[in-house]
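Each remark here refers to the structure printed beneath this line.
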Amino acid sequence: MADVNRGNRPLSPHLQIYRPQLTSITSIFARITGVALLGAAILVVWWFFAAAMGPGYYDLVNGLMTSFIGDVIMFLALWALCYHALSGLRHLIWDVGIGLDVETAEKMGLGVIFGSVILAIIVAIIV
């Protein structure tokens, strides 16, 4: 049956008035980094495939992967891996029921952001 009072109900908040929270933004970035990691994995497989195809093709792909652009892409992939891992750890902590209050959740979000940058830089320096 049709709802005759449909026009009298309040509307949900529109995206223009919605203020994104840090936890929602970090959750969206966790999904984005997951997709980006798939792209990075495909690049690494392409690199291995080129090595199996012979020296000529490997030199071409290796030149692309070790160029400045390739280094930037691989560093961003390293950052995405660190971010995705720390974000997953944060979600595991939440699954246990720890840190669900707003203040702690925001601190954990900042920890994921800054921790992933610091961890990626440390790994890039060591390796």
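Scheme for the structure tokens: letters A, B, ... for chains in order shown; per-chain residue numbers from 1; ligand numbers from 1 in order shown.
Non-sequential neighbours of Glu103 (chain A) (distance at most 12 Å, separation of 5 or more positions within a chain, only C-alpha atoms) are Gln21, Leu22, Thr23, Met108, Gly109 and Leu110 of chain A.
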DSSP alpha helix (DSSP H) selection over chain A, as a VMD selection string: chain A and resid 22 to 53 55 to 65 68 to 96 102 to 126
List as a PDB file with N, CA and C atoms, in the first residue's frame the protein and nucleic acid residues near Ile32 (chain A), meaning an atom at most 12 Å away when only C-alpha atoms are counted, but skip any in the same chain fewer than 3 places from it.
```pdb
ATOM      1  N   ILE A  25      36.927   8.521   7.056  1.00  0.00           N
ATOM      2  CA  ILE A  25      37.929   8.795   6.021  1.00  0.00           C
ATOM      3  C   ILE A  25      39.008   7.717   6.032  1.00  0.00           C
ATOM      4  N   THR A  26      39.474   7.328   7.210  1.00  0.00           N
ATOM      5  CA  THR A  26      40.503   6.288   7.278  1.00  0.00           C
ATOM      6  C   THR A  26      39.954   4.948   6.808  1.00  0.00           C
ATOM      7  N   SER A  27      38.686   4.694   7.037  1.00  0.00           N
ATOM      8  CA  SER A  27      38.078   3.459   6.550  1.00  0.00           C
ATOM      9  C   SER A  27      37.991   3.452   5.029  1.00  0.00           C
ATOM     10  N   ILE A  28      37.654   4.591   4.447  1.00  0.00           N
ATOM     11  CA  ILE A  28      37.600   4.691   2.982  1.00  0.00           C
ATOM     12  C   ILE A  28      38.996   4.500   2.397  1.00  0.00           C
ATOM     13  N   PHE A  29      40.008   5.101   3.025  1.00  0.00           N
ATOM     14  CA  PHE A  29      41.374   4.929   2.542  1.00  0.00           C
ATOM     15  C   PHE A  29      41.856   3.496   2.685  1.00  0.00           C
ATOM     16  N   VAL A  35      42.693  -1.762  -2.973  1.00  0.00           N
ATOM     17  CA  VAL A  35      42.622  -1.820  -4.432  1.00  0.00           C
ATOM     18  C   VAL A  35      43.974  -1.440  -5.039  1.00  0.00           C
ATOM     19  N   ALA A  36      44.630  -0.434  -4.472  1.00  0.00           N
ATOM     20  CA  ALA A  36      45.935  -0.011  -4.973  1.00  0.00           C
ATOM     21  C   ALA A  36      46.971  -1.122  -4.818  1.00  0.00           C
ATOM     22  N   LEU A  37      46.868  -1.893  -3.752  1.00  0.00           N
ATOM     23  CA  LEU A  37      47.800  -2.999  -3.546  1.00  0.00           C
ATOM     24  C   LEU A  37      47.623  -4.080  -4.609  1.00  0.00           C
ATOM     25  N   LEU A  38      46.409  -4.262  -5.080  1.00  0.00           N
ATOM     26  CA  LEU A  38      46.185  -5.190  -6.181  1.00  0.00           C
ATOM     27  C   LEU A  38      46.918  -4.707  -7.431  1.00  0.00           C
ATOM     28  N   GLY A  39      46.830  -3.414  -7.720  1.00  0.00           N
ATOM     29  CA  GLY A  39      47.557  -2.856  -8.859  1.00  0.00           C
ATOM     30  C   GLY A  39      49.059  -3.007  -8.705  1.00  0.00           C
ATOM     31  N   ALA A  77      53.187   2.169  -3.041  1.00  0.00           N
ATOM     32  CA  ALA A  77      52.673   0.819  -2.773  1.00  0.00           C
ATOM     33  C   ALA A  77      53.130   0.342  -1.394  1.00  0.00           C
ATOM     34  N   ALA A  80      50.974   2.120   1.035  1.00  0.00           N
ATOM     35  CA  ALA A  80      49.636   1.522   1.021  1.00  0.00           C
ATOM     36  C   ALA A  80      49.628   0.216   1.804  1.00  0.00           C
ATOM     37  N   LEU A  81      50.687  -0.568   1.685  1.00  0.00           N
ATOM     38  CA  LEU A  81      50.783  -1.822   2.440  1.00  0.00           C
ATOM     39  C   LEU A  81      50.844  -1.545   3.944  1.00  0.00           C
ATOM     40  N   TYR A  83      49.788   1.186   5.502  1.00  0.00           N
ATOM     41  CA  TYR A  83      48.504   1.766   5.906  1.00  0.00           C
ATOM     42  C   TYR A  83      47.440   0.689   6.028  1.00  0.00           C
ATOM     43  N   HIS A  84      47.364  -0.176   5.024  1.00  0.00           N
ATOM     44  CA  HIS A  84      46.343  -1.229   5.019  1.00  0.00           C
ATOM     45  C   HIS A  84      46.549  -2.188   6.190  1.00  0.00           C
ATOM     46  N   SER A  87      45.625  -0.339   9.446  1.00  0.00           N
ATOM     47  CA  SER A  87      44.171  -0.168   9.492  1.00  0.00           C
ATOM     48  C   SER A  87      43.484  -1.492   9.809  1.00  0.00           C
TER      49      SER A  87
END
```
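Interatomic distance, CA of Val44 (chain A) against CA of Asn62 (chain A): 10.4 Å.
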